[in-house]
Every structure is written in C-alpha cells, then in structure tokens.
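A short worksheet on the structure shown next.
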Amino acid sequence: MNAPTSSLTRHAVSVAKRLVVKVGSSSLTTAGGGLDAERLDAIVDTLACRVAAGTGVVLVSSGAIAAGIAPLKLRRRPKDLATQQAAASVGQQALAHAYAESFARYQLTVGQVLLTADDVARRAHYRNAQRTLHRLLTLDTVPVVNENDTVATNEIRFGDNDRLAAMVAHLVGADALVLLSDVDALYDGDPRLPESSAIREVHGEKDLEAAKIGDSSSGLGTGGMVSKVDAARLACTSGIPVLLASAAESGRALGPADTGTAFRARGSRLSVRRFWLAHAATAHGRLWLDEGAVTAVVDRRRSLLSAGITGVEGAFHGGDVVEIADPHGTVVARGLCSFDSEELPELVGRSTHELPDDQRREVVHADDLVPLP
Ligand SMILES: Nc1ncnc2c1ncn2[C@@H]1O[C@H](COP(=O)(O)OP(=O)(O)O)[C@@H](O)[C@H]1O
Ligand SMILES: N[C@@H](CCC(=O)OP(=O)(O)O)C(=O)O
C-alpha cells in the first residue's frame, strides 16, 4: 500500500466551513438488512463534532432500501422497482427516525430533504432545493438528503447517491465533499486482493487510469466504485475537492489525517446556473458543429452562430438545453438554444448576415453555453 501523503484536499476537508458528507448503504446497515445503530451513531458523533466547531454539514445518506429489507422480511436487496420503492418507503422512515434520535443526543435538529432527478433537472425545482438547503443550514439544522426513491422511476433516477451528493455539494457551495463507504480508499485493483494498493492522491485523469475500477459493489449499495469516481470527477472539475474514505474512520477522515483517497479540485467553481446547465439539466437535442465552430465556442468562448452548425437532432423549443457535439460526436458543451428545432435546419451553415432580420441572432449565446471538461 502507498505511504499516505497529506494533501490540499485533506486540509480543505479539515477546515471546511460547509461540508457535504455522503454515507453509503453498506456503512449503515447490517448484512441482514437492518439499520446498524452503532455505526450510524458513530458517524453522527463525527458530524455533530464538526457542527459544534461551526461547520455547516449536509448529510447525504443512502440506506433507505437496505433498511427496508428486514422489516419487510425480504431475503436480499430487491431488484424490481416496485419492491425497491416499497422497501425505501419503509426504510426511509426508519432512517429519518434514527438520524433524528442520534443527532438529538447533541441537541441538533435534522431536516429531511428527499430529491428526485427531476428536481435537479428542472431549473425552478433546482433553485427551490437550493433555497431550502440554505435555509436549513442558516437555521443550524443538519439537512439529511436522500433520493426520493418511492416516486423515482427507472428512467429518471440517480440510482446511487454519489452523483446526488456531488450535485448537492455544488448546490450548497460546499468547500469539500466527503464520500464515506465500506472501502477505505480507491484501489488500483480489486480491494480484496493483497496485491492491490490504495491510490492516495488523484490529481487528474492520469491517476485514474491506474485504477481498475470494478463495477461490483458491496451488495447493499448500488453504484460501486464507478459511481464514486464519476461523482468525484464531477465535483472536482467544478472546483470542489473530494475525499473518499472509510465510514468506520469518519473521525479521522473529517480531520486532517492522512486517510482515504483525495481527489484534488481541478476546475474553477461554476455559478449555480452554469453548473445546472452543464451537469443537471435534461438536454432535449443535439447540435453538430464543424471544427472551426468547436474552436470558437470551446477555446475562445464565443457564441455559437448558425454558420458553424452542420446538423440538428431532437425536438426542442427555444430556451431548451441542448448538447453541442464536435464532428466526431463527442459532446463538448451544453447550452440554451435560442431557436426551436424546427427553425434550425433552414439556418444551418448560413452566415448570420444572410439570415432574415428576425432570425439574425446567436444560436447559443456565450453566456448560455458551458464547455464540458
Ligand atoms: N478499484 C476499487 N477500489 C475500491 N473499491 C472498489 C474498487 N472496485 C470496486 N470496488 C467496490 O466498491 C464498493 C463500494 O461501493 P458501494 O457498495 O456502492 O458502496 P456505498 O454503499 O458506500 O455507496 C466496495 O465495497 C468495493 O468492493
Ligand atoms: N436512495 C437509495 C440509495 C441507493 C444506494 O444503495 O446507494 P449507495 O449505497 O450510495 O450506493 C437508498 O437510500 O437506498
């Protein structure tokens, strides 16, 4: 195993004024599918300590489905949506109750926030969620967030809470995101094999190439390491450092200790609106660009003009979010399109001055266009 090194990320976690901490199902529940009160209390002990030190903490907690397994006398984590929803309905109640009781040991009040993927995809809902979380924090409560599994459908759901946690971290302007799991770090191979080593620092994609990230999860969780790395990438490229660490060592993880895998923040912090445009909003179509237009919008941050568009896909209205793809089909940006999809085919490839007066405008204005990392 590599020697641990201190890092900017660990420092950021230890001094954060606002912290999002995500705990996975496997760290809260027993193998038989019930809540593990001892482990839940230990995590709450750590978080309460940070709150007492003046940090605003948002807890993103999985575990609803897993916590519903035993009360419903199921033998394992259900695979079908209806039983998952039933388990989440029973389990979320138990989870919320357990957190309320556990935080009450420190005279702390919790607020339950259940979000669907749709709540972050729709701009009005997104701002609503943001307002609620901010208000809960200013009222000195601990927001406890989970996906609203009982109404989420397979087509539109986060599924695992890692991505949701990265979104929430951005939404509340967190200084750092901590992902607590049953594994103590990201490994360069199967963590159960002795020849695998922990990767302590991730500075960029190169460090991730070394990791053979298995899609296997603990059996109680859903996402496995793939979704944790994706979430870490999403947060880091949006300017938020991420620490992945063991839930059993939450106290050390939230202090400056050399523990876990630290993902260094590498992008600049996007405004909430631009983050939403880039990562949360549902895209309704796609615009294909020639190379010149890609350089103009991605490198030179110019508005997208009709002359550089080579194709249009999807059915959308002016004001909808669209993907912007290079000639190879790689999505290089997302933005708000100012035309309906029906209007665009006539404009494609034409210079702005050739267009009728009422259509002489940018297809995607630079202010509404976010290049993707
Ligand atoms: N390269 C890897 N490094 C660390 N863990 C890995 C790796 N590949 C797969 N895993 C698995 O990912 C699991 C954690 O994912 P998951 O079960 O979804 O956790 P959680 O419930 O905490 O979200 C670990 O138990 C581990 O077996
Ligand atoms: N919202 C779901 C989360 C599903 C899940 O297992 O997530 P995770 O343990 O973070 O991989 C729940 O509470 O059961």
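Convention: chains lettered A, B, ... in structure tokens order; per-chain residue numbering from 1; ligands numbered from 1 as shown.
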
* Taking only C-alpha atoms and all ligand atoms into account, report as number ranges by chain which residues have an atom no farther than 10 Å from an atom of ligand 1. => A: 22-29, 61-63, 66, 160-162, 179-192, 196-199, 208, 210-229, 244-247, 261

Keeping only C-alpha atoms, write the selected residues to a file as a JSON list (two decimals), in the first residue's frame.
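Saved to part27.json:
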[["chain", "number", "residue", "atom", "x", "y", "z"],
["A", 22, "LYS", "CA", -22.25, 11.16, 1.84],
["A", 23, "VAL", "CA", -22.67, 7.80, 3.55],
["A", 24, "GLY", "CA", -23.35, 4.64, 1.56],
["A", 25, "SER", "CA", -25.89, 1.93, 2.40],
["A", 26, "SER", "CA", -23.18, -0.61, 3.19],
["A", 27, "SER", "CA", -21.89, 1.61, 6.02],
["A", 28, "LEU", "CA", -25.24, 1.99, 7.78],
["A", 29, "THR", "CA", -26.89, -1.37, 7.54],
["A", 61, "SER", "CA", -27.44, 9.36, 3.33],
["A", 62, "SER", "CA", -28.26, 6.22, 1.41],
["A", 63, "GLY", "CA", -29.72, 3.23, 3.18],
["A", 66, "ALA", "CA", -31.36, -1.56, 2.61],
["A", 160, "ASP", "CA", -26.95, 5.73, -6.25],
["A", 161, "ASN", "CA", -26.34, 8.77, -4.11],
["A", 162, "ASP", "CA", -22.81, 9.58, -5.19],
["A", 179, "LEU", "CA", -17.72, 10.14, 0.36],
["A", 180, "LEU", "CA", -17.81, 7.60, 3.18],
["A", 181, "SER", "CA", -18.01, 3.95, 2.17],
["A", 182, "ASP", "CA", -17.21, 0.43, 3.32],
["A", 183, "VAL", "CA", -13.90, 0.60, 1.49],
["A", 184, "ASP", "CA", -11.12, 2.81, 2.84],
["A", 185, "ALA", "CA", -9.82, 4.15, -0.48],
["A", 186, "LEU", "CA", -9.81, 3.79, -4.23],
["A", 187, "TYR", "CA", -7.60, 0.82, -5.12],
["A", 188, "ASP", "CA", -5.69, 0.07, -8.30],
["A", 189, "GLY", "CA", -7.37, -3.34, -8.41],
["A", 190, "ASP", "CA", -9.91, -5.39, -6.51],
["A", 191, "PRO", "CA", -9.56, -4.11, -2.91],
["A", 192, "ARG", "CA", -9.95, -7.67, -1.60],
["A", 196, "SER", "CA", -3.96, -4.15, -4.85],
["A", 197, "SER", "CA", -2.72, -0.82, -3.49],
["A", 198, "ALA", "CA", -4.63, 2.22, -2.37],
["A", 199, "ILE", "CA", -4.36, 5.31, -4.56],
["A", 208, "LEU", "CA", -7.41, 7.23, -12.54],
["A", 210, "ALA", "CA", -4.08, 3.21, -12.92],
["A", 211, "ALA", "CA", -7.26, 2.19, -11.09],
["A", 212, "LYS", "CA", -9.05, -0.91, -12.29],
["A", 213, "ILE", "CA", -12.42, 0.17, -11.08],
["A", 214, "GLY", "CA", -14.73, -2.77, -10.69],
["A", 215, "ASP", "CA", -18.45, -2.30, -11.10],
["A", 216, "SER", "CA", -19.01, -4.71, -8.25],
["A", 217, "SER", "CA", -20.47, -3.04, -5.22],
["A", 218, "SER", "CA", -20.85, -4.19, -1.64],
["A", 219, "GLY", "CA", -24.16, -5.92, -2.35],
["A", 220, "LEU", "CA", -26.14, -3.42, -0.30],
["A", 221, "GLY", "CA", -25.08, -0.34, -2.27],
["A", 222, "THR", "CA", -25.78, 0.20, -5.93],
["A", 223, "GLY", "CA", -23.19, 2.35, -7.57],
["A", 224, "GLY", "CA", -19.93, 0.67, -6.62],
["A", 225, "MET", "CA", -16.65, 2.47, -7.19],
["A", 226, "VAL", "CA", -17.52, 3.57, -10.72],
["A", 227, "SER", "CA", -20.21, 5.92, -9.49],
["A", 228, "LYS", "CA", -17.96, 7.25, -6.71],
["A", 229, "VAL", "CA", -15.20, 8.09, -9.17],
["A", 244, "LEU", "CA", -13.19, 9.12, -0.37],
["A", 245, "ALA", "CA", -12.69, 7.34, 2.93],
["A", 246, "SER", "CA", -13.93, 4.61, 5.20],
["A", 247, "ALA", "CA", -17.11, 5.32, 7.16],
["A", 261, "THR", "CA", -8.21, 8.90, -1.45]]

Give me, as a tab-separated table (two decimals) with C-alpha atoms, in the first residue's frame, all polymer residues having an atom no more than 8 Å from Ser341 of chain A, counting only C-alpha atoms and skipping those fewer than 4 positions away in the same chain.
chain	number	residue	atom	x	y	z
A	312	VAL	CA	-29.55	19.21	-35.69
A	313	GLU	CA	-31.05	16.32	-33.72
A	314	GLY	CA	-34.07	16.11	-31.44
A	315	ALA	CA	-37.23	18.14	-30.92
A	316	PHE	CA	-36.85	21.20	-28.74
A	317	HIS	CA	-38.09	24.72	-28.19
A	318	GLY	CA	-36.17	27.97	-27.95
A	345	PRO	CA	-32.45	23.18	-40.47

* To do: Run DSSP on the backbone and give me the residues of segment 3-231 of chain A it puts in strand (DSSP E), as a PyMOL selection string.
  => chain A and resi 18-23+56-61+110-115+142-147+176-181+186-187+198-199+201-202

* Residue neighbourhood Ala283 of chain A, 12 Å, only C-alpha atoms, exclusion window fewer than 4 positions, as a PyMOL selection string -> chain A and resi 121-122+276-279+287+313-317+319-324+331+333-337

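Nearest residue to ligand 2 among A:Leu193, A:Ala86, A:Val44, A:Ile240 is A:Ala86, counting only C-alpha atoms and all ligand atoms.
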
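Contact shell of Thr295 of chain A at 12 Å (only C-alpha atoms; same-chain neighbours under 5 positions omitted): Leu289, Asp290, Arg300, Arg301, Arg302, Ser303, Leu304, Gly308, Ala325, Asp326, Pro327, Val332, Ala333 and Pro371 of chain A.
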
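With only C-alpha atoms taken into account, the protein and nucleic acid residues at most 7 Å from Gln85 of chain A (excluding it and anything under 3 positions from it in its own chain) are Leu81, Ala82, Ala88, Ser89, Asp149 and Thr150 of chain A.
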
Filtering to C-alpha atoms, could you give me those residues as a PDB file, in the first residue's frame?
ATOM      1  CA  LEU A  81     -38.599  -1.222  -8.908  1.00  0.00           C
ATOM      2  CA  ALA A  82     -41.902  -1.720  -7.062  1.00  0.00           C
ATOM      3  CA  ALA A  88     -37.461   2.601   0.533  1.00  0.00           C
ATOM      4  CA  SER A  89     -40.812   3.758   1.863  1.00  0.00           C
ATOM      5  CA  ASP A 149     -36.934   6.539  -4.081  1.00  0.00           C
ATOM      6  CA  THR A 150     -40.628   5.924  -3.573  1.00  0.00           C
TER       7      THR A 150
END

* Asked: Quick one: of A:Val58, A:Ala67, A:Ala257, A:Ala31, who's nearest to ligand 2, counting only C-alpha atoms and all ligand atoms?
  -> A:Ala67

Running DSSP on the backbone, which parts of segment 25-177 of chain A land in alpha helix (DSSP H), as a short mmCIF file (atom, residue, chain, number, x, y, z; two decimals) with N, CA and C atoms, in the first residue's frame?
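What follows is the written file result-v5.cif:
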data_model
loop_
_atom_site.label_atom_id
_atom_site.label_comp_id
_atom_site.auth_asym_id
_atom_site.auth_seq_id
_atom_site.Cartn_x
_atom_site.Cartn_y
_atom_site.Cartn_z
N ALA A 37 -27.38 0.64 14.32
CA ALA A 37 -27.46 1.85 15.15
C ALA A 37 -26.08 2.30 15.63
N GLU A 38 -25.25 1.33 15.92
CA GLU A 38 -23.92 1.69 16.44
C GLU A 38 -23.09 2.46 15.41
N ARG A 39 -23.12 1.94 14.17
CA ARG A 39 -22.33 2.60 13.13
C ARG A 39 -22.93 3.95 12.75
N LEU A 40 -24.27 4.01 12.76
CA LEU A 40 -24.93 5.28 12.45
C LEU A 40 -24.58 6.32 13.52
N ASP A 41 -24.62 5.90 14.79
CA ASP A 41 -24.27 6.82 15.88
C ASP A 41 -22.83 7.32 15.76
N ALA A 42 -21.94 6.42 15.35
CA ALA A 42 -20.52 6.81 15.25
C ALA A 42 -20.34 7.89 14.19
N ILE A 43 -21.08 7.78 13.09
CA ILE A 43 -20.98 8.80 12.04
C ILE A 43 -21.58 10.12 12.55
N VAL A 44 -22.70 10.01 13.23
CA VAL A 44 -23.34 11.22 13.77
C VAL A 44 -22.41 11.88 14.80
N ASP A 45 -21.71 11.08 15.60
CA ASP A 45 -20.75 11.66 16.57
C ASP A 45 -19.76 12.58 15.84
N THR A 46 -19.23 12.06 14.73
CA THR A 46 -18.24 12.83 13.96
C THR A 46 -18.86 14.11 13.40
N LEU A 47 -20.05 13.98 12.83
CA LEU A 47 -20.68 15.14 12.19
C LEU A 47 -21.07 16.19 13.24
N ALA A 48 -21.59 15.73 14.36
CA ALA A 48 -22.01 16.66 15.42
C ALA A 48 -20.81 17.45 15.94
N CYS A 49 -19.68 16.79 15.98
CA CYS A 49 -18.45 17.44 16.43
C CYS A 49 -18.09 18.58 15.48
N ARG A 50 -18.24 18.33 14.18
CA ARG A 50 -17.95 19.38 13.20
C ARG A 50 -18.95 20.50 13.29
N VAL A 51 -20.22 20.16 13.49
CA VAL A 51 -21.24 21.21 13.61
C VAL A 51 -20.92 22.08 14.83
N ALA A 52 -20.51 21.45 15.91
CA ALA A 52 -20.17 22.20 17.13
C ALA A 52 -18.99 23.13 16.88
N ALA A 64 -32.03 3.75 2.57
CA ALA A 64 -33.48 3.56 2.73
C ALA A 64 -33.89 2.16 2.26
N ILE A 65 -33.43 1.77 1.08
CA ILE A 65 -33.85 0.46 0.55
C ILE A 65 -33.29 -0.65 1.44
N ALA A 66 -31.99 -0.52 1.78
CA ALA A 66 -31.36 -1.56 2.61
C ALA A 66 -32.06 -1.66 3.97
N ALA A 67 -32.46 -0.52 4.52
CA ALA A 67 -33.09 -0.54 5.85
C ALA A 67 -34.51 -1.09 5.81
N GLY A 68 -35.06 -1.21 4.61
CA GLY A 68 -36.42 -1.76 4.48
C GLY A 68 -36.43 -3.27 4.32
N ILE A 69 -35.25 -3.85 4.12
CA ILE A 69 -35.18 -5.29 3.83
C ILE A 69 -35.69 -6.14 5.01
N LEU A 81 -38.36 -2.60 -9.34
CA LEU A 81 -38.60 -1.22 -8.91
C LEU A 81 -39.68 -1.12 -7.83
N ALA A 82 -40.79 -1.86 -8.02
CA ALA A 82 -41.90 -1.72 -7.06
C ALA A 82 -41.48 -2.14 -5.66
N THR A 83 -40.73 -3.25 -5.55
CA THR A 83 -40.30 -3.69 -4.22
C THR A 83 -39.23 -2.75 -3.66
N GLN A 84 -38.38 -2.23 -4.53
CA GLN A 84 -37.39 -1.24 -4.06
C GLN A 84 -38.12 -0.03 -3.49
N GLN A 85 -39.17 0.40 -4.18
CA GLN A 85 -39.90 1.58 -3.71
C GLN A 85 -40.59 1.29 -2.38
N ALA A 86 -41.15 0.08 -2.26
CA ALA A 86 -41.80 -0.29 -1.00
C ALA A 86 -40.76 -0.35 0.12
N ALA A 87 -39.61 -0.94 -0.19
CA ALA A 87 -38.55 -1.04 0.83
C ALA A 87 -38.07 0.35 1.23
N ALA A 88 -37.92 1.24 0.24
CA ALA A 88 -37.46 2.60 0.53
C ALA A 88 -38.49 3.34 1.38
N SER A 89 -39.74 3.09 1.12
CA SER A 89 -40.81 3.76 1.86
C SER A 89 -40.73 3.39 3.35
N VAL A 90 -40.54 2.11 3.60
CA VAL A 90 -40.41 1.63 4.99
C VAL A 90 -39.05 2.05 5.58
N GLY A 91 -38.00 1.86 4.78
CA GLY A 91 -36.65 2.11 5.28
C GLY A 91 -36.33 3.58 5.51
N GLN A 92 -36.85 4.46 4.65
CA GLN A 92 -36.56 5.89 4.79
C GLN A 92 -37.12 6.42 6.11
N GLN A 93 -38.27 5.90 6.45
CA GLN A 93 -38.92 6.30 7.72
C GLN A 93 -38.01 5.93 8.91
N ALA A 94 -37.49 4.70 8.84
CA ALA A 94 -36.61 4.22 9.91
C ALA A 94 -35.32 5.03 9.94
N LEU A 95 -34.82 5.32 8.75
CA LEU A 95 -33.56 6.06 8.63
C LEU A 95 -33.70 7.47 9.22
N ALA A 96 -34.77 8.14 8.83
CA ALA A 96 -35.00 9.52 9.31
C ALA A 96 -35.16 9.53 10.83
N HIS A 97 -35.87 8.56 11.33
CA HIS A 97 -36.11 8.46 12.77
C HIS A 97 -34.78 8.23 13.50
N ALA A 98 -33.96 7.33 12.93
CA ALA A 98 -32.68 7.02 13.57
C ALA A 98 -31.78 8.26 13.59
N TYR A 99 -31.74 9.01 12.50
CA TYR A 99 -30.90 10.22 12.48
C TYR A 99 -31.44 11.27 13.46
N ALA A 100 -32.76 11.43 13.48
CA ALA A 100 -33.34 12.44 14.39
C ALA A 100 -32.94 12.12 15.83
N GLU A 101 -33.05 10.83 16.18
CA GLU A 101 -32.71 10.42 17.56
C GLU A 101 -31.22 10.58 17.84
N SER A 102 -30.44 10.21 16.87
CA SER A 102 -28.99 10.23 17.08
C SER A 102 -28.47 11.66 17.19
N PHE A 103 -28.92 12.55 16.31
CA PHE A 103 -28.47 13.95 16.38
C PHE A 103 -29.04 14.64 17.63
N ALA A 104 -30.20 14.17 18.09
CA ALA A 104 -30.80 14.77 19.30
C ALA A 104 -29.89 14.59 20.51
N ALA A 117 -34.42 13.05 -9.46
CA ALA A 117 -33.55 13.54 -10.54
C ALA A 117 -34.22 14.74 -11.23
N ASP A 118 -35.54 14.69 -11.30
CA ASP A 118 -36.29 15.77 -11.93
C ASP A 118 -36.12 17.08 -11.15
N ASP A 119 -35.93 16.97 -9.85
CA ASP A 119 -35.78 18.18 -9.03
C ASP A 119 -34.49 18.93 -9.33
N VAL A 120 -33.50 18.23 -9.86
CA VAL A 120 -32.30 18.96 -10.23
C VAL A 120 -32.29 19.28 -11.73
N ALA A 121 -33.07 18.52 -12.51
CA ALA A 121 -33.10 18.77 -13.96
C ALA A 121 -33.91 20.01 -14.29
N ARG A 123 -35.00 23.73 -13.74
CA ARG A 123 -34.32 24.86 -13.11
C ARG A 123 -35.09 25.42 -11.91
N ALA A 124 -36.41 25.51 -12.02
CA ALA A 124 -37.19 26.08 -10.91
C ALA A 124 -37.09 25.18 -9.68
N HIS A 125 -37.14 23.87 -9.89
CA HIS A 125 -37.04 22.92 -8.77
C HIS A 125 -35.64 22.99 -8.15
N TYR A 126 -34.65 23.13 -9.03
CA TYR A 126 -33.25 23.17 -8.59
C TYR A 126 -33.04 24.35 -7.64
N ARG A 127 -33.57 25.49 -8.05
CA ARG A 127 -33.41 26.68 -7.20
C ARG A 127 -34.19 26.53 -5.91
N ASN A 128 -35.30 25.84 -5.99
CA ASN A 128 -36.14 25.59 -4.82
C ASN A 128 -35.37 24.73 -3.81
N ALA A 129 -34.75 23.66 -4.33
CA ALA A 129 -33.97 22.76 -3.46
C ALA A 129 -32.82 23.54 -2.83
N GLN A 130 -32.20 24.40 -3.64
CA GLN A 130 -31.06 25.19 -3.15
C GLN A 130 -31.51 26.11 -2.00
N ARG A 131 -32.65 26.74 -2.20
CA ARG A 131 -33.16 27.68 -1.18
C ARG A 131 -33.45 26.93 0.12
N THR A 132 -34.08 25.78 0.00
CA THR A 132 -34.43 25.01 1.20
C THR A 132 -33.18 24.59 1.97
N LEU A 133 -32.18 24.09 1.23
CA LEU A 133 -30.94 23.63 1.89
C LEU A 133 -30.24 24.80 2.59
N HIS A 134 -30.18 25.94 1.91
CA HIS A 134 -29.53 27.10 2.52
C HIS A 134 -30.26 27.52 3.79
N ARG A 135 -31.59 27.49 3.70
CA ARG A 135 -32.37 27.94 4.87
C ARG A 135 -32.17 26.97 6.04
N LEU A 136 -32.18 25.69 5.74
CA LEU A 136 -31.96 24.70 6.82
C LEU A 136 -30.61 24.94 7.48
N LEU A 137 -29.60 25.25 6.68
CA LEU A 137 -28.27 25.47 7.24
C LEU A 137 -28.23 26.75 8.08
N THR A 138 -28.90 27.79 7.59
CA THR A 138 -28.87 29.03 8.38
C THR A 138 -29.69 28.87 9.66
N ASN A 161 -26.34 7.40 -4.63
CA ASN A 161 -26.34 8.77 -4.11
C ASN A 161 -25.04 9.52 -4.32
N ASP A 162 -24.09 8.91 -5.01
CA ASP A 162 -22.81 9.58 -5.19
C ASP A 162 -22.96 10.83 -6.07
N ARG A 163 -23.65 10.65 -7.19
CA ARG A 163 -23.86 11.79 -8.09
C ARG A 163 -24.73 12.84 -7.40
N LEU A 164 -25.76 12.36 -6.70
CA LEU A 164 -26.63 13.30 -5.97
C LEU A 164 -25.79 14.13 -4.99
N ALA A 165 -24.85 13.48 -4.30
CA ALA A 165 -24.01 14.18 -3.32
C ALA A 165 -23.15 15.25 -4.00
N ALA A 166 -22.62 14.92 -5.19
CA ALA A 166 -21.80 15.91 -5.91
C ALA A 166 -22.67 17.11 -6.31
N MET A 167 -23.90 16.83 -6.71
CA MET A 167 -24.82 17.91 -7.09
C MET A 167 -25.13 18.77 -5.87
N VAL A 168 -25.42 18.11 -4.75
CA VAL A 168 -25.77 18.85 -3.53
C VAL A 168 -24.57 19.69 -3.08
N ALA A 169 -23.36 19.14 -3.23
CA ALA A 169 -22.16 19.88 -2.82
C ALA A 169 -22.08 21.18 -3.60
N HIS A 170 -22.39 21.12 -4.88
CA HIS A 170 -22.36 22.34 -5.67
C HIS A 170 -23.50 23.27 -5.28
N LEU A 171 -24.64 22.66 -5.09
CA LEU A 171 -25.86 23.43 -4.77
C LEU A 171 -25.68 24.28 -3.51
#
